[in-house]
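Undergrad: Below is the file query_21.txt, which contains compact mmCIF, C-alpha atoms.
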# COMPACT_ATOMS: atom_id res chain seq x y z
CA MET Y 278 20.83 -92.82 -65.98
CA GLU Y 279 22.62 -95.48 -68.03
CA ARG Y 280 26.40 -95.43 -68.31
CA GLU Y 281 26.30 -94.83 -72.08
CA ASP Y 282 23.91 -91.92 -71.59
CA ILE Y 283 26.33 -90.34 -69.11
CA ILE Y 284 29.26 -90.82 -71.48
CA ALA Y 285 27.24 -89.26 -74.30
CA LYS Y 286 26.40 -86.29 -72.07
CA ILE Y 287 30.05 -85.82 -71.13
CA ARG Y 288 31.05 -85.89 -74.79
CA LYS Y 289 28.48 -83.18 -75.55
CA LEU Y 290 29.86 -81.06 -72.71
CA LEU Y 291 33.40 -81.55 -74.01
CA LYS Y 292 32.27 -80.48 -77.47
CA LEU Y 293 30.71 -77.37 -75.89
CA GLN Y 294 33.94 -76.74 -73.99
CA TYR Y 295 36.10 -77.00 -77.11
CA GLY Y 296 33.77 -74.70 -79.03
CA ALA Y 297 33.71 -72.12 -76.24
CA GLU Y 298 37.52 -72.15 -76.06
CA LYS Y 299 37.79 -71.49 -79.80
CA ILE Y 300 35.65 -68.34 -79.60
CA GLY Y 301 37.28 -67.16 -76.37
CA SER Y 302 34.24 -67.71 -74.15
CA THR Y 303 36.20 -68.71 -71.04
CA GLY Y 304 33.18 -68.55 -68.74
CA GLU Y 305 31.22 -71.05 -70.82
CA ALA Y 306 34.27 -73.28 -71.22
CA TYR Y 307 34.84 -73.19 -67.47
CA GLN Y 308 31.25 -74.18 -66.70
CA ALA Y 309 31.37 -77.08 -69.15
CA ALA Y 310 34.68 -78.28 -67.72
CA ARG Y 311 33.35 -78.20 -64.16
CA MET Y 312 30.26 -80.18 -65.17
CA VAL Y 313 32.47 -82.79 -66.85
CA GLN Y 314 34.49 -83.21 -63.66
CA LYS Y 315 31.30 -83.42 -61.56
CA LEU Y 316 29.86 -86.20 -63.75
CA LEU Y 317 33.15 -88.13 -63.74
CA LEU Y 318 33.19 -88.11 -59.95
CA GLU Y 319 29.48 -88.83 -59.51
CA TYR Y 320 29.47 -91.85 -61.83
CA ASN Y 321 32.98 -93.12 -61.02
CA LEU Y 322 34.27 -92.61 -64.55
CA GLN Y 323 37.70 -91.67 -65.85
CA MET Y 324 38.59 -89.63 -68.89
CA SER Y 325 39.88 -92.81 -70.53
CA ASP Y 326 36.31 -94.21 -70.32
CA ILE Y 327 35.01 -91.37 -72.49
CA GLY Y 328 37.15 -92.01 -75.53
CA GLU Y 329 37.56 -89.30 -78.13
CA ALA Y 330 35.05 -86.51 -78.51
CA GLU Y 331 34.53 -84.87 -81.90
CA GLU Y 332 37.01 -82.09 -81.17
CA GLY Y 333 39.91 -84.00 -79.68
CA ASP Y 334 41.31 -86.56 -77.30
CA THR Y 335 39.81 -86.02 -73.84
CA THR Y 336 42.63 -87.93 -72.14
CA ARG Y 337 45.28 -85.61 -73.55
CA ILE Y 338 47.48 -83.96 -70.95
CA THR Y 339 48.46 -80.41 -71.82
CA GLU Y 340 50.52 -77.57 -70.37
CA SER Y 341 49.14 -74.05 -70.20
CA ASP Y 342 50.90 -70.94 -71.38
CA GLY Y 343 53.16 -69.26 -68.85
CA ILE Y 344 51.40 -67.22 -66.17
CA PRO Y 345 53.47 -64.52 -64.40
CA TYR Y 346 53.70 -64.77 -60.62
CA ALA Y 347 56.08 -61.89 -59.86
CA ASP Y 348 54.27 -59.31 -57.73
CA GLN Y 349 55.01 -56.12 -55.84
CA TYR Y 350 54.13 -58.02 -52.67
CA GLY Y 351 56.63 -60.81 -53.32
CA ASN Y 352 57.02 -63.85 -55.56
CA THR Y 353 55.39 -66.27 -53.13
CA TRP Y 354 51.67 -65.73 -52.82
CA LYS Y 355 50.54 -66.15 -56.44
CA LEU Y 356 52.64 -69.27 -56.88
CA GLN Y 357 51.32 -70.66 -53.61
CA LEU Y 358 47.72 -69.89 -54.62
CA MET Y 359 48.13 -71.71 -57.93
CA ASN Y 360 49.87 -74.67 -56.25
CA VAL Y 361 46.90 -75.18 -53.92
CA ILE Y 362 44.31 -74.84 -56.71
CA CYS Y 363 46.16 -77.33 -58.92
CA LYS Y 364 46.71 -79.85 -56.13
CA PHE Y 365 43.00 -80.16 -55.45
CA ASN Y 366 41.81 -79.94 -59.06
CA LEU Y 367 43.74 -82.82 -60.63
CA CYS Y 368 46.58 -80.70 -62.05
CA ARG Y 369 50.22 -79.89 -61.35
CA CYS Y 370 51.78 -76.44 -61.07
CA LEU Y 371 55.28 -75.99 -62.50
CA TYR Y 372 57.34 -72.84 -62.31
CA ASN Y 373 60.36 -71.28 -63.97
CA GLY Y 374 62.37 -69.19 -61.53
CA PRO Y 375 64.36 -67.12 -64.05
CA THR Y 376 61.25 -66.06 -66.01
CA ARG Y 377 58.97 -65.82 -62.93
CA ARG Y 378 56.28 -67.73 -64.78
CA MET Y 379 54.22 -70.79 -63.83
CA THR Y 380 52.31 -73.29 -65.93
CA ILE Y 381 49.43 -75.70 -65.27
CA VAL Y 382 49.78 -79.32 -66.36
CA GLY Y 383 46.74 -81.59 -66.55
CA ALA Y 384 43.79 -82.74 -68.66
CA GLU Y 385 42.46 -79.87 -70.76
CA ALA Y 386 39.19 -79.58 -68.83
CA ASN Y 387 40.99 -79.39 -65.50
CA VAL Y 388 43.55 -76.87 -66.76
CA ILE Y 389 40.64 -74.57 -67.66
CA ILE Y 390 39.14 -74.99 -64.19
CA CYS Y 391 42.44 -74.16 -62.48
CA ARG Y 392 43.20 -71.19 -64.70
CA GLU Y 393 39.76 -69.62 -64.36
CA PHE Y 394 39.47 -70.22 -60.63
CA TYR Y 395 42.97 -68.77 -60.15
CA GLN Y 396 42.03 -65.60 -62.06
CA TYR Y 397 38.85 -65.30 -60.02
CA LEU Y 398 40.60 -65.72 -56.66
CA LEU Y 399 43.38 -63.36 -57.73
CA LYS Y 400 40.83 -60.58 -58.14
CA VAL Y 401 38.99 -61.48 -54.94
CA PHE Y 402 42.03 -61.52 -52.68
CA THR Y 403 43.72 -58.52 -54.29
CA ARG Y 404 40.61 -56.47 -53.56
CA LEU Y 405 40.16 -57.93 -50.11
CA SER Y 406 43.79 -57.21 -49.21
CA MET Y 407 43.07 -53.50 -49.70
CA ASP Y 408 39.84 -53.74 -47.71
CA ARG Y 409 41.63 -55.47 -44.83
CA LEU Y 410 44.45 -52.92 -44.96
CA ASN Y 411 41.92 -50.09 -44.65
CA GLU Y 412 40.37 -51.85 -41.67
CA ALA Y 413 43.80 -52.21 -40.05
CA GLN Y 414 44.59 -48.54 -40.68
CA ASN Y 415 41.30 -47.43 -39.14
CA GLU Y 416 41.99 -49.61 -36.10
CA ALA Y 417 45.48 -48.14 -35.77
CA MET Y 418 44.12 -44.60 -35.94
CA ARG Y 419 41.61 -45.37 -33.20
CA ASN Y 420 44.58 -46.38 -31.06
CA ARG Y 421 46.52 -43.24 -32.05
CA ARG Y 422 48.97 -45.15 -34.22
CA PHE Y 423 50.00 -44.66 -37.84
CA LEU Y 424 51.02 -47.24 -40.44
CA THR Y 425 54.07 -46.25 -42.49
CA GLU Y 426 54.26 -47.18 -46.18
CA ASP Y 427 56.63 -50.04 -45.32
CA LYS Y 428 54.20 -51.32 -42.68
CA LYS Y 429 51.31 -51.13 -45.15
CA LYS Y 430 53.25 -53.19 -47.68
CA GLU Y 431 54.24 -55.67 -44.99
CA TYR Y 432 50.59 -56.01 -43.93
CA VAL Y 433 49.37 -56.73 -47.47
CA ARG Y 434 52.22 -59.16 -48.19
CA SER Y 435 51.52 -61.07 -44.98
CA TYR Y 436 47.78 -61.11 -45.67
CA LEU Y 437 48.32 -62.57 -49.14
CA GLU Y 438 50.73 -65.20 -47.82
CA GLY Y 439 48.07 -66.27 -45.32
CA VAL Y 440 45.45 -66.66 -48.05
CA GLY Y 441 47.12 -69.70 -49.64
CA GLN Y 442 47.48 -71.47 -46.30
CA GLY Y 443 43.82 -70.87 -45.52
CA LEU Y 444 42.73 -72.08 -48.96
CA TYR Y 445 44.69 -75.29 -48.40
CA GLU Y 446 42.84 -75.86 -45.10
CA ASN Y 447 39.58 -75.07 -46.91
CA TYR Y 448 40.15 -77.86 -49.44
CA GLU Y 449 41.48 -80.25 -46.78
CA SER Y 450 38.28 -79.84 -44.74
CA ARG Y 451 36.34 -81.60 -47.51
CA GLN Y 452 36.07 -85.36 -47.11
CA ALA Y 453 37.49 -86.97 -50.24
CA THR Y 454 35.36 -89.74 -51.72
CA VAL Y 455 36.71 -93.05 -53.00
CA GLN Y 456 35.95 -91.84 -56.54
CA GLU Y 457 37.93 -88.64 -56.02
CA THR Y 458 40.90 -90.55 -54.62
CA GLY Y 459 40.89 -92.89 -57.62
CA LEU Y 460 40.62 -89.99 -60.03
CA VAL Y 461 43.58 -88.23 -58.41
CA LEU Y 462 45.75 -91.34 -58.78
CA SER Y 463 44.67 -91.77 -62.40
CA HIS Y 464 45.44 -88.18 -63.34
CA ASN Y 465 48.73 -88.17 -61.43
CA THR Y 466 49.85 -91.14 -63.50
CA LEU Y 467 48.91 -89.39 -66.75
CA ILE Y 468 50.67 -86.20 -65.67
CA ASP Y 469 53.81 -88.05 -64.56
CA THR Y 470 53.96 -89.78 -67.93
CA PHE Y 471 53.55 -86.46 -69.74
CA LEU Y 472 56.32 -84.81 -67.71
CA LYS Y 473 58.64 -87.74 -68.33
CA GLU Y 474 57.98 -87.62 -72.06
CA GLN Y 475 58.53 -83.87 -72.11
CA LYS Y 476 61.64 -84.30 -69.96
CA CYS Y 477 60.28 -81.74 -67.54
CA ARG Y 478 61.91 -81.33 -64.19
CA ILE Y 479 59.29 -81.13 -61.43
CA ARG Y 480 59.74 -77.77 -59.81
CA LYS Y 481 57.88 -77.51 -56.54
CA GLY Y 482 57.01 -74.17 -55.03
CA HIS Y 483 58.07 -73.45 -51.47
CA ARG Y 484 55.63 -72.25 -48.84
CA ARG Y 485 56.31 -69.75 -46.11
CA ILE Y 486 54.54 -70.72 -42.92
CA TYR Y 487 54.27 -67.27 -41.36
CA GLY Y 488 54.05 -63.78 -42.78
CA ALA Y 489 56.03 -60.90 -41.29
CA ASN Y 490 52.83 -59.56 -39.74
CA ASP Y 491 51.13 -62.34 -37.78
CA GLU Y 492 47.83 -60.47 -37.49
CA ALA Y 493 47.61 -59.84 -41.23
CA PHE Y 494 48.62 -63.43 -41.98
CA GLY Y 495 45.82 -64.65 -39.71
CA VAL Y 496 43.24 -62.45 -41.43
CA GLY Y 497 44.34 -63.75 -44.82
CA PHE Y 498 44.25 -67.30 -43.53
CA GLU Y 499 40.63 -66.91 -42.41
CA ASP Y 500 39.57 -65.37 -45.73
CA GLY Y 501 41.26 -68.21 -47.61
CA ARG Y 502 39.63 -70.80 -45.39
CA ASN Y 503 36.17 -69.28 -45.86
CA VAL Y 504 36.18 -68.58 -49.58
CA SER Y 505 33.64 -70.65 -51.54
CA LEU Y 506 35.06 -73.55 -53.54
CA ASN Y 507 31.95 -73.61 -55.73
CA GLN Y 508 32.45 -70.28 -57.45
CA GLN Y 509 30.63 -69.91 -60.75
CA VAL Y 510 32.13 -67.72 -63.45
CA GLY Y 511 30.01 -64.62 -63.90
CA SER Y 512 28.29 -65.15 -60.55
CA SER Y 513 27.49 -62.07 -58.48
CA ALA Y 514 26.57 -64.02 -55.37
CA GLY Y 515 29.91 -63.33 -53.69
CA PRO Y 516 32.99 -65.42 -53.06
CA ALA Y 517 32.59 -66.77 -49.56
CA ARG Y 518 30.41 -69.11 -47.57
CA HIS Y 519 30.40 -66.48 -44.83
CA ARG Y 520 30.50 -63.58 -47.34
CA ILE Y 521 33.95 -62.15 -47.00
CA ASP Y 522 33.26 -59.61 -49.73
CA LYS Y 523 31.64 -56.29 -49.02
Do you think you could lay out the structure here as structure tokens?

TA:
Amino acid sequence: MEREDIIAKIRKLLKLQYGAEKIGSTGEAYQAARMVQKLLLEYNLQMSDIGEAEEGDTTRITESDGIPYADQYGNTWKLQLMNVICKFNLCRCLYNGPTRRMTIVGAEANVIICREFYQYLLKVFTRLSMDRLNEAQNEAMRNRRFLTEDKKKEYVRSYLEGVGQGLYENYESRQATVQETGLVLSHNTLIDTFLKEQKCRIRKGHRRIYGANDEAFGVGFEDGRNVSLNQQVGSSAGPARHRIDK
């Protein structure tokens, strides 16, 4: 396919994305955004090569609305999850400690990808944490032990802290192409310029290496490492390569 044909196709997808956003169809917007990113990588293009689509400037860096990360299982795991997703999807995660909210900074298409994938994984791992806790309780009962409420909370917190570490390993296991490396550098430059213009201070999230419960942390790590990175919004096929859902 000729370069101009590819650029025209990307512009059509961007128009579809903008239209879907306006009517609140996040699934459709997400799919269009992912296809745009796939074509950029496949044909070694950058957003600056596309120019302006009918609905806006495709090179524009934006910052999402604030997303809360405070949680009954600690203020670490959601922030860590978003940090990993943003790092490997051409965005940057910023956070505000006093408000316990985080934002995504990046090209509009990539911000959509990060936000939607985060919401998807949030549901997956919240549900799985309860499934894994039930499994741990059943195992404890078989060994004539009982998990107190504090121990249950510690198990879930440790599981969720392991998830982000496993997801990081999951992404790292992919071999980055030359095109991907170039795209990362290009977007990092655009994001750095945006942050400088906005006078934003880069606030990096901290990562805990081990949860309080090593066994739970390890289970979460494995689930994070095995979750599919090719999730499709609205898909019922399940989240993992080795089906970690039930």

Undergrad: What are the closest atom pairs, with distances in Å to one decimal, for all residues of region 368-423 of chain Y lying within 7 Å of region 342-351 of chain Y? Consider only C-alpha atoms, order rows by chain and residue number, and present the result as JSON lines.

TA:
{"residue": "Y:Arg377", "atom": "CA", "partner": "Y:Ala347", "partner_atom": "CA", "distance": 5.8}
{"residue": "Y:Arg378", "atom": "CA", "partner": "Y:Pro345", "partner_atom": "CA", "distance": 4.3}
{"residue": "Y:Met379", "atom": "CA", "partner": "Y:Ile344", "partner_atom": "CA", "distance": 5.1}
{"residue": "Y:Thr380", "atom": "CA", "partner": "Y:Gly343", "partner_atom": "CA", "distance": 5.0}

Undergrad: Just to confirm, what's the straight-line distance from CA of Asp469 (chain Y) to CA of Thr339 (chain Y) in Å (one decimal)?

TA: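 Going from CA of Asp469 (chain Y) over to CA of Thr339 (chain Y), I get 11.8 Å.
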
Undergrad: Identify, on the basis of all atoms listed in the file, every residue whose closest approach to Val313 (chain Y) does not exceed 9 Å; exclude the query and any residue fewer than 6 positions from it along the same chain; express the result as a ChimeraX atom specification.

TA: /Y:286-288,290-291,386

Undergrad: Quick one: residues within 8 Å of Glu446 (chain Y), all atoms listed in the file, excluding same-chain residues fewer than 4 positions away - as an NGL selection string?

TA: :Y and (442 or 450 or 502)

Undergrad: What does the distance between CA of Glu449 (chain Y) and CA of Val361 (chain Y) come to in Å, to one decimal place?

TA: 10.3 Å

Undergrad: Using all atoms listed in the file, which of Y:Ala489, Y:Met359, Y:Cys368, Y:Val461 sits nearest Gln396 (chain Y)?

TA: Y:Met359

Undergrad: Excluding same-chain residues fewer than 4 positions from Thr470 (chain Y), what lies within 12 Å of it counting only C-alpha atoms, as a VMD selection string?

TA: chain Y and resid 337 to 339 382 to 383 463 to 466 474 to 477

Undergrad: Work out how far CA of Tyr397 (chain Y) is from CA of Ala384 (chain Y), in Å to one decimal.

TA: 20.1 Å

Undergrad: Between Y:Leu472, Y:Leu405, Y:Leu399, Y:Val504, which is the closest to Gly443 (chain Y) once you count all atoms listed in the file?

TA: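 Checking each of Y:Leu472, Y:Leu405, Y:Leu399, Y:Val504 against Gly443 (chain Y), counting all atoms listed in the file, the winner is Y:Val504.
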
Undergrad: Find the residues near region 420-434 of chain Y: any atom within 7 Å, counting all atoms listed in the file, skip ones fewer than 3 places away on the same chain, and give them as a list in words.

TA: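 Selected residues are Tyr350, Gly351, Ser406, Leu410, Gln414, Glu416, Ala417, Leu437, Glu438, Ala489, Asn490 and Ala493 of chain Y.
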
Undergrad: What's the 9 Å shell around Arg392 (chain Y), counting only C-alpha atoms, without same-chain residues fewer than 3 positions away, as a PDB file with C-alpha atoms, in the frame of the given file?

TA:
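Written output follows (result-v8.pdb):
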ATOM      1  CA  SER Y 341      49.140 -74.050 -70.200  1.00  0.00           C
ATOM      2  CA  MET Y 359      48.130 -71.710 -57.930  1.00  0.00           C
ATOM      3  CA  ILE Y 362      44.310 -74.840 -56.710  1.00  0.00           C
ATOM      4  CA  CYS Y 363      46.160 -77.330 -58.920  1.00  0.00           C
ATOM      5  CA  ILE Y 381      49.430 -75.700 -65.270  1.00  0.00           C
ATOM      6  CA  ASN Y 387      40.990 -79.390 -65.500  1.00  0.00           C
ATOM      7  CA  VAL Y 388      43.550 -76.870 -66.760  1.00  0.00           C
ATOM      8  CA  ILE Y 389      40.640 -74.570 -67.660  1.00  0.00           C
ATOM      9  CA  TYR Y 395      42.970 -68.770 -60.150  1.00  0.00           C
ATOM     10  CA  GLN Y 396      42.030 -65.600 -62.060  1.00  0.00           C
ATOM     11  CA  TYR Y 397      38.850 -65.300 -60.020  1.00  0.00           C
TER      12      TYR Y 397
END

Undergrad: Need the axis-aligned box for region 393-400 of chain Y with 5 Å each side, so what are the centre and edges in Å to one decimal, as lines of an AutoDock Vina configuration file?

TA:
center_x = 41.1
center_y = -65.4
center_z = -60.5
size_x = 14.5
size_y = 19.6
size_z = 17.7
